[in-house]
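**Q** Data file target12.txt (compact mmCIF, C-alpha atoms and all ligand atoms) is appended below.
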```txt
# COMPACT_ATOMS: atom_id res chain seq x y z
CA MET T 16 0.00 0.00 0.00
CA PRO T 17 2.70 2.62 0.82
CA ARG T 18 4.57 1.66 -2.35
CA ASN T 19 1.41 2.02 -4.44
CA PHE T 20 0.72 5.34 -2.84
CA CYS T 21 4.23 6.57 -3.64
CA ARG T 22 3.89 5.41 -7.21
CA PHE T 23 0.55 7.17 -7.46
CA ARG T 24 2.00 10.39 -6.09
CA LEU T 25 4.91 10.20 -8.48
CA PHE T 26 2.51 9.72 -11.35
CA ALA T 27 0.32 12.58 -10.18
CA VAL T 28 3.26 14.93 -9.80
CA SER T 29 4.71 14.09 -13.19
CA LEU T 30 1.32 14.48 -14.82
CA LEU T 31 0.89 17.87 -13.20
CA ILE T 32 4.35 18.95 -14.39
CA ALA T 33 3.53 17.80 -17.90
CA ILE T 34 0.32 19.80 -17.89
CA LEU T 35 2.03 22.85 -16.45
CA ALA T 36 4.54 22.68 -19.28
CA CYS T 37 1.68 22.89 -21.77
CA GLY T 38 1.01 26.49 -20.81
CA SER T 39 -2.64 27.01 -19.89
CA SER T 40 -3.69 28.74 -16.68
CA PRO T 41 -2.72 27.16 -13.33
CA ALA T 42 -6.31 26.92 -12.09
CA ALA T 43 -7.35 25.04 -15.17
CA GLN T 44 -4.39 22.72 -14.92
CA THR T 45 -5.05 21.82 -11.34
CA SER T 46 -8.68 21.05 -11.89
CA ARG T 47 -7.92 19.13 -15.06
CA ALA T 48 -5.21 17.16 -13.31
CA SER T 49 -7.44 16.28 -10.41
CA GLN T 50 -10.12 15.14 -12.83
CA ASN T 51 -7.90 12.96 -14.92
CA ILE T 52 -5.53 11.19 -12.61
CA GLY T 53 -6.12 7.94 -10.79
CA SER T 54 -9.48 6.28 -10.53
CA PRO T 55 -12.55 7.24 -12.56
CA THR T 56 -14.70 10.11 -11.42
CA THR T 57 -17.08 9.20 -8.64
CA VAL T 58 -20.60 10.48 -9.01
CA VAL T 59 -22.44 10.76 -5.72
CA ILE T 60 -26.13 10.60 -6.59
CA ASP T 61 -28.48 12.02 -4.02
CA ALA T 62 -32.14 11.11 -4.37
CA GLY T 63 -34.05 13.80 -2.52
CA HIS T 64 -36.19 12.97 0.55
CA GLY T 65 -37.09 9.41 1.58
CA GLY T 66 -38.73 7.56 4.45
CA HIS T 67 -41.02 9.81 6.47
CA ASP T 68 -40.00 12.75 4.29
CA ARG T 69 -42.23 12.48 1.23
CA GLY T 70 -41.02 15.77 -0.27
CA GLY T 71 -43.23 18.33 -1.95
CA ILE T 72 -46.03 20.19 -0.23
CA PRO T 73 -48.70 18.89 2.17
CA GLY T 74 -51.43 17.01 0.36
CA GLN T 75 -49.36 16.51 -2.75
CA ARG T 76 -50.65 13.49 -4.64
CA VAL T 77 -47.45 12.24 -6.25
CA ALA T 78 -44.73 11.43 -3.70
CA GLU T 79 -41.56 13.25 -4.64
CA LYS T 80 -39.38 10.75 -2.76
CA GLU T 81 -40.44 7.95 -5.11
CA MET T 82 -39.78 9.93 -8.27
CA THR T 83 -36.35 11.11 -7.11
CA LEU T 84 -35.26 7.60 -6.16
CA ASP T 85 -36.38 6.15 -9.47
CA VAL T 86 -34.54 8.78 -11.50
CA ALA T 87 -31.48 8.38 -9.27
CA GLN T 88 -31.41 4.62 -9.81
CA ARG T 89 -31.79 5.02 -13.56
CA LEU T 90 -29.00 7.58 -13.53
CA ARG T 91 -26.84 5.19 -11.54
CA ASN T 92 -27.33 2.48 -14.16
CA LEU T 93 -26.46 4.82 -17.01
CA LEU T 94 -23.36 6.28 -15.38
CA THR T 95 -22.10 2.91 -14.22
CA ALA T 96 -22.41 1.69 -17.80
CA SER T 97 -20.35 4.73 -18.87
CA GLY T 98 -17.53 3.74 -16.54
CA TYR T 99 -18.21 6.05 -13.63
CA ARG T 100 -17.99 4.93 -10.06
CA VAL T 101 -21.37 5.70 -8.54
CA VAL T 102 -22.31 6.13 -4.90
CA MET T 103 -25.93 6.52 -3.84
CA THR T 104 -26.76 8.47 -0.69
CA ARG T 105 -29.86 6.30 -0.53
CA ASP T 106 -30.98 3.34 -2.61
CA SER T 107 -34.32 2.61 -0.99
CA ASP T 108 -37.17 4.41 0.73
CA VAL T 109 -35.23 5.50 3.79
CA PHE T 110 -34.71 8.84 5.46
CA VAL T 111 -31.15 10.11 5.25
CA PRO T 112 -30.40 13.38 7.10
CA LEU T 113 -28.83 16.15 5.04
CA PRO T 114 -25.54 16.18 7.01
CA THR T 115 -25.16 12.47 6.28
CA ARG T 116 -25.70 13.07 2.59
CA VAL T 117 -23.08 15.79 2.65
CA ALA T 118 -20.65 13.63 4.63
CA ILE T 119 -20.99 10.87 2.05
CA ALA T 120 -20.27 13.32 -0.76
CA ASN T 121 -17.31 14.85 1.01
CA SER T 122 -15.69 11.50 1.68
CA TYR T 123 -14.79 11.09 -1.99
CA ARG T 124 -12.11 12.81 -4.01
CA ASN T 125 -12.31 13.33 -7.71
CA ALA T 126 -16.06 13.27 -7.26
CA ILE T 127 -19.13 15.25 -8.17
CA PHE T 128 -22.48 15.44 -6.43
CA VAL T 129 -25.79 15.28 -8.25
CA CYS T 130 -28.89 15.88 -6.15
CA ILE T 131 -32.23 15.01 -7.71
CA HIS T 132 -35.51 16.66 -6.78
CA PHE T 133 -38.87 17.51 -8.22
CA ASN T 134 -40.51 20.83 -7.55
CA SER T 135 -43.89 21.74 -6.11
CA ALA T 136 -46.04 24.82 -5.71
CA ARG T 137 -49.49 25.71 -4.53
CA ARG T 138 -50.16 27.26 -7.90
CA MET T 139 -50.89 24.38 -10.26
CA GLY T 140 -49.66 26.31 -13.28
CA ALA T 141 -46.12 26.61 -11.95
CA GLY T 142 -43.81 24.44 -13.99
CA GLY T 143 -40.41 24.02 -15.53
CA ILE T 144 -36.90 22.77 -14.97
CA GLU T 145 -34.38 24.54 -12.78
CA THR T 146 -30.87 23.64 -11.76
CA TYR T 147 -29.10 24.97 -8.68
CA PHE T 148 -25.46 25.31 -7.80
CA TYR T 149 -23.55 27.26 -5.18
CA SER T 150 -19.77 27.14 -5.51
CA ARG T 151 -17.99 28.50 -8.57
CA ASP T 152 -16.54 25.05 -9.13
CA SER T 153 -20.05 23.75 -9.66
CA LEU T 154 -21.10 26.14 -12.40
CA GLN T 155 -19.84 24.03 -15.28
CA LEU T 156 -21.61 20.96 -13.99
CA ALA T 157 -24.82 22.93 -13.42
CA SER T 158 -24.61 24.47 -16.87
CA ALA T 159 -24.11 21.14 -18.57
CA VAL T 160 -26.79 19.29 -16.63
CA HIS T 161 -29.28 22.08 -17.12
CA TYR T 162 -28.49 22.39 -20.82
CA PHE T 163 -29.43 18.76 -21.37
CA VAL T 164 -32.32 18.39 -18.93
CA ALA T 165 -34.04 21.64 -19.87
CA GLY T 166 -33.33 20.94 -23.53
CA GLY T 167 -34.73 17.43 -23.37
CA ALA T 168 -37.81 18.08 -21.26
CA PRO T 169 -41.10 19.42 -22.60
CA SER T 170 -41.28 21.74 -19.57
CA SER T 171 -40.25 25.38 -19.58
CA ASN T 172 -36.74 26.49 -18.74
CA ARG T 173 -36.54 28.21 -15.35
CA GLY T 174 -32.81 28.60 -15.61
CA VAL T 175 -29.68 27.88 -13.67
CA ARG T 176 -29.80 29.40 -10.22
CA ARG T 177 -27.15 30.03 -7.64
CA ARG T 178 -28.38 29.45 -4.17
CA GLY T 179 -27.06 28.28 -0.83
CA TYR T 180 -29.03 25.13 -0.33
CA TYR T 181 -27.55 23.04 2.46
CA VAL T 182 -26.35 20.17 0.31
CA LEU T 183 -24.76 22.61 -2.13
CA ARG T 184 -23.12 24.82 0.46
CA LYS T 185 -21.72 22.06 2.60
CA THR T 186 -20.36 19.81 -0.10
CA ASN T 187 -16.77 20.52 -1.09
CA ILE T 188 -16.92 18.88 -4.49
CA PRO T 189 -18.75 20.22 -7.57
CA ALA T 190 -22.42 19.90 -6.64
CA VAL T 191 -25.72 20.52 -8.37
CA LEU T 192 -29.37 20.13 -7.48
CA VAL T 193 -31.75 19.48 -10.37
CA GLU T 194 -35.46 20.18 -10.02
CA CYS T 195 -36.87 17.87 -12.67
CA GLY T 196 -40.25 19.56 -13.01
CA PHE T 197 -43.27 20.29 -10.80
CA LEU T 198 -45.24 17.37 -9.42
CA THR T 199 -48.03 19.81 -8.61
CA ASN T 200 -48.36 20.68 -12.28
CA PRO T 201 -50.79 18.16 -13.84
CA THR T 202 -48.87 17.92 -17.12
CA GLU T 203 -45.47 17.57 -15.54
CA ALA T 204 -46.76 15.15 -12.91
CA ALA T 205 -48.24 12.98 -15.65
CA TYR T 206 -44.89 12.92 -17.42
CA ALA T 207 -43.00 12.16 -14.23
CA GLN T 208 -45.23 9.18 -13.57
CA THR T 209 -44.17 7.43 -16.76
CA ALA T 210 -41.06 5.26 -16.66
CA SER T 211 -40.01 6.38 -20.12
CA TYR T 212 -39.94 10.01 -19.07
CA ARG T 213 -37.97 9.28 -15.92
CA GLN T 214 -35.53 7.33 -18.08
CA LYS T 215 -35.29 10.35 -20.36
CA LEU T 216 -34.56 12.61 -17.41
CA ALA T 217 -31.84 10.24 -16.23
CA GLU T 218 -30.33 10.16 -19.71
CA GLU T 219 -30.24 13.94 -19.91
CA ILE T 220 -28.65 14.26 -16.49
CA ALA T 221 -26.09 11.62 -17.50
CA ALA T 222 -25.34 13.58 -20.68
CA GLY T 223 -24.72 16.64 -18.54
CA VAL T 224 -22.37 14.73 -16.27
CA ARG T 225 -20.44 13.40 -19.25
CA GLY T 226 -20.32 16.82 -20.91
CA ARG T 227 -19.45 18.89 -17.86
CA ASN T 228 -15.92 19.59 -19.05
CA SER T 229 -17.12 20.78 -22.46
CA VAL T 230 -18.91 23.88 -21.24
CA ALA T 231 -17.70 26.81 -23.31
CA GLY T 232 -16.56 30.08 -21.87
CA ALA T 233 -16.40 28.85 -18.32
CA LEU T 234 -13.54 29.31 -15.93
CA THR T 235 -10.84 28.49 -18.45
CA THR T 236 -10.14 31.35 -20.80
CA THR T 237 -7.86 29.12 -22.83
CA ARG T 238 -10.67 26.81 -23.86
CA VAL T 239 -11.91 27.44 -27.35
CA ALA T 240 -15.61 27.02 -27.98
CA THR T 241 -16.30 24.45 -30.65
CA SER T 242 -19.42 23.03 -32.20
CA GLU T 243 -19.20 20.25 -29.64
CA SER T 244 -19.00 22.52 -26.64
CA ILE T 245 -21.96 23.17 -24.40
CA PRO T 246 -22.95 26.82 -24.01
CA LEU T 247 -22.53 28.26 -20.55
CA GLN T 248 -26.03 28.78 -19.20
CA PRO T 249 -26.81 32.21 -17.79
CA TYR T 250 -27.74 31.99 -14.17
CA ILE T 251 -29.71 33.90 -11.62
CA ASP T 252 -27.84 34.64 -8.42
CA GLN T 253 -30.32 34.07 -5.63
CA THR T 254 -27.80 33.89 -2.83
CA LYS T 255 -28.39 37.50 -1.85
CA VAL T 256 -32.16 37.35 -1.85
CA ALA T 257 -32.35 34.03 -0.03
CA LYS T 258 -32.52 35.52 3.44
CA SER T 259 -35.23 38.11 2.93
CA GLU T 260 -37.14 35.67 0.81
CA HIS T 261 -36.95 33.09 3.52
CA ARG T 262 -38.64 35.44 5.92
CA GLN T 263 -41.60 35.86 3.68
CA SER T 264 -44.42 33.76 4.92
CA LYS T 265 -46.12 31.05 2.91
CA ARG T 266 -49.04 33.33 2.25
CA SER T 267 -46.96 35.59 -0.03
CA HIS T 268 -48.43 34.51 -3.31
CA LYS T 269 -48.42 37.86 -4.98
CA LYS T 270 -46.92 39.10 -8.21
CA SER T 271 -45.15 36.91 -10.70
CA ALA T 272 -41.55 37.41 -9.59
CA ARG T 273 -42.35 36.64 -6.00
CA LYS T 274 -44.60 33.85 -6.99
CA LYS T 275 -41.77 32.20 -8.90
CA LYS T 276 -39.63 32.23 -5.81
CA SER T 277 -42.33 31.04 -3.50
CA SER T 278 -43.24 28.34 -5.94
CA SER T 279 -39.91 26.67 -5.37
CA LYS T 280 -40.09 27.35 -1.67
CA PRO T 281 -41.56 24.10 -0.42
CA THR T 282 -38.48 22.23 -1.57
CA GLU T 283 -36.39 24.31 0.78
CA SER T 284 -37.45 22.03 3.56
CA GLU T 285 -35.02 19.43 2.34
CA ALA T 286 -32.29 21.69 1.06
CA SER T 287 -32.76 24.85 3.02
CA ALA T 288 -30.96 28.02 2.06
CA VAL T 289 -30.88 29.03 5.71
CA PRO T 290 -30.77 25.66 7.39
CA LYS T 291 -31.09 25.98 11.13
CA ASN T 292 -32.94 22.72 11.10
CA PRO T 293 -32.58 21.32 7.61
CA GLU T 294 -34.93 18.43 8.21
CA SER T 295 -37.84 20.48 9.42
ZN ZN B 1 -37.39 18.01 -3.10
```
Can you present the structure in this file as structure tokens?
Ligand SMILES: [Zn+2]
**A**
Amino acid sequence: MPRNFCRFRLFAVSLLIAILACGSSPAAQTSRASQNIGSPTTVVIDAGHGGHDRGGIPGQRVAEKEMTLDVAQRLRNLLTASGYRVVMTRDSDVFVPLPTRVAIANSYRNAIFVCIHFNSARRMGAGGIETYFYSRDSLQLASAVHYFVAGGAPSSNRGVRRRGYYVLRKTNIPAVLVECGFLTNPTEAAYAQTASYRQKLAEEIAAGVRGRNSVAGALTTTRVATSESIPLQPYIDQTKVAKSEHRQSKRSHKKSARKKKSSSKPTESEASAVPKNPES
């Protein structure tokens, strides 16, 4: 074991030197090196909710926890087939506290975290796909995943959003949270309840995972956009509004902008932006 470790370090150091000699920016080299050396990338898949935590809003007909688990398992199968090492934070209908999910994610190196949720709102008309990230390192992954999921779903595109959800803030690897549509929207709920659509969602998320290093115009200025590169998705920074928004009570269903925010509010219970008690 020590000998293997030494050999690995030697390999890592020489690879880093080789990349440094190639002349792109140091930040890009480091992240590239950490992505490429050693074992395959680990994808930690986090199916939202589980056990006593059904997800969604009270009285919601379709249980979010079942949909997230099914998509997560399909995603696992696809990524495993693509050569990724996959870790599930849950693989059955059990409750896993948020800190445990984060601890699982943070125990892997050369890993990324993909958290799967479905949205809900009191307004039945609310719908669409949105993808959240928090750290700068997660933007490429969020962009790629959102590009494919929003592009492949019949739902509207609610954009990439930056927000301090617990599982995004506390993870120290690239991390995204995908809201795969509203289960309170009759059309989107009907889609979500078909296996073929959940398979499609999993395929799009997998495409985003595979394409995360092809996002054009991201942190590396040396990267040249090509026809194969994925456009960087514009994002809404919600980190600064999160606090005041959080204080707004559930009755604030006024005006479209506010409504949009409150429509995604119920999901904050599992991934709270201001998580005093994330499981509440
Ligand atoms: Zn959720």
**Q** Write as a PyMOL selection string the residues around ligand ZN 1 (chain B), taking 6 Å as the cut-off and counting all atoms listed in the file.
**A** chain T and resi 63+70-71+132-133+282
**Q** Keeping only C-alpha atoms, write the selected residues to a file as a PDB file, keeping the file's coordinate frame.
**A**
```pdb
ATOM      1  CA  GLY T  63     -34.050  13.800  -2.520  1.00  0.00           C
ATOM      2  CA  GLY T  70     -41.020  15.770  -0.270  1.00  0.00           C
ATOM      3  CA  GLY T  71     -43.230  18.330  -1.950  1.00  0.00           C
ATOM      4  CA  HIS T 132     -35.510  16.660  -6.780  1.00  0.00           C
ATOM      5  CA  PHE T 133     -38.870  17.510  -8.220  1.00  0.00           C
ATOM      6  CA  THR T 282     -38.480  22.230  -1.570  1.00  0.00           C
TER       7      THR T 282
END
```
**Q** Record the distance separating CA of Val77 (chain T) and CA of Ser158 (chain T), expressed in Å with one decimal.
**A**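 About the pair CA of Val77 (chain T) and CA of Ser158 (chain T): they are 28.0 Å apart.
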**Q** Check the smallest atom-to-atom distance from each of T:Leu84, T:Met103, T:Leu94, T:Val230 to Ser153 (chain T) using only C-alpha atoms, then report the winner.
**A**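 Among T:Leu84, T:Met103, T:Leu94, T:Val230, it is T:Val230 that comes nearest to Ser153 (chain T).
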**Q** Which residues come within 9 Å of region 105-118 of chain T, counting all atoms listed in the file, excluding same-chain residues fewer than 5 positions away, as a ChimeraX atom specification?
**A** /T:60-68,80-81,84,87-88,181-183,185-187,285-286,293-294
**Q** Between T:Leu93, T:Met82, T:Ala157, T:Leu247, which one has atoms that come closest to Ile127 (chain T), using only C-alpha atoms?
**A**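 Looking at the shortest contact to Ile127 (chain T), the residue is T:Ala157.
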**Q** Distance CA of Arg100 (chain T)-CA of Thr209 (chain T), one decimal place?
**A**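 One can read the CA of Arg100 (chain T) to CA of Thr209 (chain T) distance as 27.1 Å.
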**Q** Take CA of Gln208 (chain T) and CA of Gln75 (chain T) and report the distance between them in Å, one decimal.
**A**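 Rounded to one decimal, the two atoms are 13.7 Å apart.
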**Q** Pick the closest to Leu156 (chain T) from T:Ala205, T:Arg69, T:Val129, T:Asp252: which is it, counting all atoms listed in the file?
**A**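 The closest residue to Leu156 (chain T) is T:Val129.
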**Q** Find the residue from T:Asn134, T:Thr104, T:Thr57, T:Thr95 that sits nearest to Thr199 (chain T); use all atoms listed in the file when measuring.
**A** T:Asn134
**Q** What would the list of residues within 12 Å of (-24.4, 18.6, -19.4) (file frame) look like as a count of residues only, if all atoms listed in the file are what count?
**A** 41
**Q** May I have the residues at most 6 Å from (-26.0, 25.1, -7.0) in the file's coordinates, counting only C-alpha atoms, as a list in words?
**A**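 It turns out the residues near that spot are Tyr147, Phe148, Tyr149, Arg177, Arg178, Leu183 and Val191 of chain T.
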**Q** Using only C-alpha atoms, determine which residues lie at most 8 Å from Ile251 (chain T), disregarding the query and same-chain residues fewer than 6 positions distant; provide the list as a PDB file with C-alpha atoms, keeping the file's coordinate frame.
**A**
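Now in selection.pdb:
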```pdb
ATOM      1  CA  GLY T 174     -32.810  28.600 -15.610  1.00  0.00           C
ATOM      2  CA  VAL T 175     -29.680  27.880 -13.670  1.00  0.00           C
ATOM      3  CA  ARG T 176     -29.800  29.400 -10.220  1.00  0.00           C
ATOM      4  CA  ARG T 177     -27.150  30.030  -7.640  1.00  0.00           C
TER       5      ARG T 177
END
```
**Q** Find, counting only C-alpha atoms, the residue in T:Gly98, T:Gly140, T:Pro55, T:Gly74 that gets nearest to Pro201 (chain T).
**A**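 So, comparing all the options, the nearest one is T:Gly140.
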**Q** Hey, which of T:Arg173, T:Arg151, T:Arg89, T:Arg138 ends up closest to Leu198 (chain T)? Count all atoms listed in the file.
**A**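 Using all atoms listed in the file, the shortest distance to Leu198 (chain T) belongs to T:Arg138.
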